$ cat target-v5.pdb   # PDB, C-alpha atoms
ATOM      1  CA  MET A   5      73.916  83.861  -0.484
ATOM      2  CA  ILE A   6      71.250  84.792   2.088
ATOM      3  CA  ASP A   7      68.641  82.847   0.100
ATOM      4  CA  ILE A   8      70.843  79.743   0.198
ATOM      5  CA  VAL A   9      71.275  80.104   3.971
ATOM      6  CA  ASN A  10      67.515  80.598   4.446
ATOM      7  CA  LYS A  11      66.735  77.510   2.345
ATOM      8  CA  PHE A  12      69.333  75.500   4.260
ATOM      9  CA  GLU A  13      67.816  76.685   7.529
ATOM     10  CA  LYS A  14      64.338  75.583   6.367
ATOM     11  CA  ILE A  15      65.732  72.157   5.419
ATOM     12  CA  VAL A  16      67.357  71.792   8.839
ATOM     13  CA  TYR A  17      64.090  72.692  10.575
ATOM     14  CA  ALA A  18      62.145  70.268   8.367
ATOM     15  CA  VAL A  19      64.575  67.471   9.247
ATOM     16  CA  LEU A  20      64.338  68.387  12.947
ATOM     17  CA  MET A  21      60.540  68.326  12.796
ATOM     18  CA  THR A  22      60.583  64.924  11.097
ATOM     19  CA  LEU A  23      63.016  63.458  13.625
ATOM     20  CA  LEU A  24      61.044  64.929  16.516
ATOM     21  CA  MET A  25      57.851  63.374  15.165
ATOM     22  CA  VAL A  26      59.596  59.979  15.068
ATOM     23  CA  VAL A  27      60.791  60.478  18.654
ATOM     24  CA  LEU A  28      57.287  61.503  19.733
ATOM     25  CA  VAL A  29      55.714  58.440  18.150
ATOM     26  CA  ALA A  30      58.295  56.206  19.843
ATOM     27  CA  SER A  31      57.751  57.959  23.186
ATOM     28  CA  LEU A  32      54.000  57.642  22.862
ATOM     29  CA  VAL A  33      54.248  53.938  22.024
ATOM     30  CA  ASP A  34      56.564  53.482  25.012
ATOM     31  CA  LEU A  35      54.108  55.314  27.288
ATOM     32  CA  VAL A  36      51.156  53.239  26.064
ATOM     33  CA  TRP A  37      53.144  50.005  26.414
ATOM     34  CA  TYR A  38      54.293  50.888  29.933
ATOM     35  CA  MET A  39      50.739  51.827  30.946
ATOM     36  CA  TYR A  40      49.446  48.553  29.523
ATOM     37  CA  GLN A  41      52.131  46.521  31.307
ATOM     38  CA  SER A  42      51.548  48.364  34.582
ATOM     39  CA  LEU A  43      47.795  47.918  34.473
ATOM     40  CA  ILE A  44      47.762  44.180  33.692
ATOM     41  CA  ASN A  45      50.296  43.249  36.392
ATOM     42  CA  GLU A  46      49.112  42.365  39.878
ATOM     43  CA  PRO A  47      47.245  44.173  41.329
ATOM     44  CA  VAL A  48      45.267  44.599  38.123
ATOM     45  CA  PHE A  49      44.289  48.189  37.168
ATOM     46  CA  LEU A  50      46.200  49.634  40.092
ATOM     47  CA  LEU A  51      49.490  51.465  39.681
ATOM     48  CA  GLU A  52      52.071  51.377  42.443
ATOM     49  CA  SER A  53      53.759  54.645  43.376
ATOM     50  CA  HIS A  54      56.958  54.017  41.381
ATOM     51  CA  GLU A  55      54.868  53.024  38.339
ATOM     52  CA  LEU A  56      52.755  56.152  38.661
ATOM     53  CA  ILE A  57      55.856  58.337  38.830
ATOM     54  CA  THR A  58      57.288  56.641  35.742
ATOM     55  CA  VAL A  59      54.002  57.079  33.848
ATOM     56  CA  LEU A  60      53.769  60.757  34.802
ATOM     57  CA  GLY A  61      57.380  61.297  33.755
ATOM     58  CA  ALA A  62      56.768  59.634  30.390
ATOM     59  CA  PHE A  63      53.562  61.624  29.932
ATOM     60  CA  LEU A  64      55.355  64.906  30.634
ATOM     61  CA  LEU A  65      58.157  63.873  28.283
ATOM     62  CA  VAL A  66      55.624  63.410  25.474
ATOM     63  CA  LEU A  67      54.065  66.774  26.380
ATOM     64  CA  ILE A  68      57.489  68.437  26.227
ATOM     65  CA  GLY A  69      58.055  66.877  22.804
ATOM     66  CA  VAL A  70      54.701  68.149  21.516
ATOM     67  CA  GLU A  71      55.433  71.664  22.778
ATOM     68  CA  LEU A  72      58.891  71.543  21.220
ATOM     69  CA  LEU A  73      57.346  70.423  17.933
ATOM     70  CA  ASP A  74      54.930  73.352  18.177
ATOM     71  CA  THR A  75      57.846  75.742  18.703
ATOM     72  CA  ILE A  76      59.721  74.384  15.694
ATOM     73  CA  LYS A  77      56.532  74.465  13.605
ATOM     74  CA  ALA A  78      55.903  78.104  14.555
ATOM     75  CA  TYR A  79      59.429  79.010  13.534
ATOM     76  CA  PHE A  80      59.092  77.061  10.296
ATOM     77  CA  VAL A  81      55.829  78.802   9.365
ATOM     78  CA  GLU A  82      56.321  82.303  10.787
ATOM     79  CA  ASN A  83      60.123  82.612  11.080
ATOM     80  CA  THR A  84      59.638  83.589  14.732
ATOM     81  CA  ILE A  85      60.444  81.926  17.997
ATOM     82  CA  HIS A  86      57.654  82.271  20.550
ATOM     83  CA  VAL A  87      59.499  83.005  23.768
ATOM     84  CA  GLU A  88      56.406  82.308  25.871
ATOM     85  CA  ILE A  89      56.211  78.746  24.536
ATOM     86  CA  VAL A  90      59.913  78.184  25.184
ATOM     87  CA  VAL A  91      59.551  79.380  28.796
ATOM     88  CA  LEU A  92      56.488  77.153  29.279
ATOM     89  CA  LEU A  93      58.480  74.264  27.858
ATOM     90  CA  ALA A  94      61.220  74.921  30.414
ATOM     91  CA  ILE A  95      58.632  75.058  33.215
ATOM     92  CA  ILE A  96      57.208  71.701  32.120
ATOM     93  CA  ALA A  97      60.714  70.240  31.960
ATOM     94  CA  ILE A  98      61.571  71.392  35.481
ATOM     95  CA  ALA A  99      58.204  70.106  36.733
ATOM     96  CA  ARG A 100      59.106  66.727  35.217
ATOM     97  CA  LYS A 101      62.435  66.874  37.044
ATOM     98  CA  VAL A 102      60.678  67.576  40.346
ATOM     99  CA  ILE A 103      58.229  64.708  39.823
ATOM    100  CA  LEU A 104      61.010  62.256  39.000
ATOM    101  CA  LEU A 105      63.301  63.455  41.801
ATOM    102  CA  ASP A 106      64.476  60.487  43.859
ATOM    103  CA  PRO A 107      66.031  61.473  47.179
ATOM    104  CA  THR A 108      67.118  57.943  48.072
ATOM    105  CA  GLY A 109      70.249  57.919  45.940
ATOM    106  CA  ILE A 110      71.948  61.019  47.397
ATOM    107  CA  SER A 111      72.814  62.486  50.804
ATOM    108  CA  GLY A 112      70.702  65.052  52.623
ATOM    109  CA  ILE A 113      73.018  67.965  51.861
ATOM    110  CA  GLU A 114      73.228  67.115  48.147
ATOM    111  CA  PHE A 115      69.445  66.733  48.018
ATOM    112  CA  GLY A 116      69.002  70.111  49.733
ATOM    113  CA  ILE A 117      71.377  71.799  47.297
ATOM    114  CA  GLU A 118      69.569  70.203  44.356
ATOM    115  CA  LEU A 119      66.194  71.356  45.709
ATOM    116  CA  ALA A 120      67.534  74.879  46.253
ATOM    117  CA  GLY A 121      68.829  74.950  42.670
ATOM    118  CA  ILE A 122      65.499  73.730  41.325
ATOM    119  CA  GLY A 123      63.746  76.374  43.435
ATOM    120  CA  VAL A 124      65.906  79.128  41.953
ATOM    121  CA  ILE A 125      65.159  77.857  38.447
ATOM    122  CA  VAL A 126      61.408  77.707  39.149
ATOM    123  CA  VAL A 127      61.360  81.250  40.554
ATOM    124  CA  GLY A 128      63.380  82.527  37.597
ATOM    125  CA  LEU A 129      61.157  80.826  35.029
ATOM    126  CA  ALA A 130      57.969  81.925  36.771
ATOM    127  CA  GLY A 131      59.262  85.488  36.969
ATOM    128  CA  GLY A 132      60.238  85.451  33.317
ATOM    129  CA  TYR A 133      56.853  84.062  32.298
ATOM    130  CA  TYR A 134      55.086  86.695  34.400
ATOM    131  CA  LEU A 135      57.090  89.493  32.788
ATOM    132  CA  ILE A 136      56.436  88.140  29.290
ATOM    133  CA  LYS A 137      52.681  87.965  29.973
ATOM    134  CA  LYS A 138      52.620  91.362  31.680
ATOM    135  CA  ALA A 139      54.506  93.029  28.836
ATOM    136  CA  GLY A 140      52.113  91.507  26.318
ATOM    137  CA  LEU A 141      54.960  90.812  23.952
ATOM    138  CA  SER A 142      54.026  89.451  20.590
ATOM    139  CA  VAL A 143      56.700  88.695  18.076
ATOM    140  CA  GLY A 144      55.938  88.213  14.436
ATOM    141  CA  PRO A 145      57.380  88.787  10.985
ATOM    142  CA  GLY A 146      58.527  92.360  10.925
ATOM    143  CA  LYS A 147      56.990  93.362  14.261
ATOM    144  CA  ILE A 148      58.048  93.342  17.861
ATOM    145  CA  THR A 149      55.527  94.937  20.195
TER     146      THR A 149
END
$ encode --input "target-v5.pdb" --output "structure tokens"
Amino acid sequence: MIDIVNKFEKIVYAVLMTLLMVVLVASLVDLVWYMYQSLINEPVFLLESHELITVLGAFLLVLIGVELLDTIKAYFVENTIHVEIVVLLAIIAIARKVILLDPTGISGIEFGIELAGIGVIVVGLAGGYYLIKKAGLSVGPGKIT
């Protein structure tokens, strides 16, 4: 029964990797198309601030997808989840959130609360990453050191 579950798990991860590759290709095409459109519009070869923020957000989204694909690939090959990569992925995701943060749509108090929440998340993720690096944890098949 365990062999059936393990094979099923491998199939699920293979399907997830395939779907994520499709999403990454679509995201990359979207990023290239948006960059092209932004650069040919007036003024030519000059991005306005909102265009630059959109491009950076799309770029970070593709980067998050690549890191997620790397995490799934590592699990598929080694049957381990690399916690360091997952924490880095979360840091990139929160950085994307900060870059795309638009204070114009909400009140000052709501914006302050959102910034405080993001700050707590950043401190927590940075602390977790520091502890992982300091501990020198490496997880592999049959070993946790």
$ resolve_selection --input "target-v5.pdb" --expression "the PyMOL selection byres ((chain A and resi 18) around 12)" --output "PyMOL selection string"
chain A and resi 11-17+19-25+73+76-81
$ closest_residue --input "target-v5.pdb" --among "A:Val91, A:Gly61, A:Ile85, A:Thr75" --to "A:Gly131" --atoms "all atoms listed in the file"
A:Val91
$ resolve_selection --input "target-v5.pdb" --expression "the PyMOL selection byres ((chain A and resi 49-57) around 12)" --output "PyMOL selection string"
chain A and resi 35+38-48+58-64+100-106
$ resolve_selection --input "target-v5.pdb" --expression "the PyMOL selection byres ((chain A and resi 96) around 12)" --output "ChimeraX atom specification"
/A:60-61,63-72,89-95,97-103,125-126,129-130
$ atom_distance --input "target-v5.pdb" --atom1 "atom CA of A:Leu135" --atom2 "atom CA of A:Glu88"
10.0 Å
$ atom_distance --input "target-v5.pdb" --atom1 "atom CA of A:Lys137" --atom2 "atom CA of A:Val87"
10.5 Å
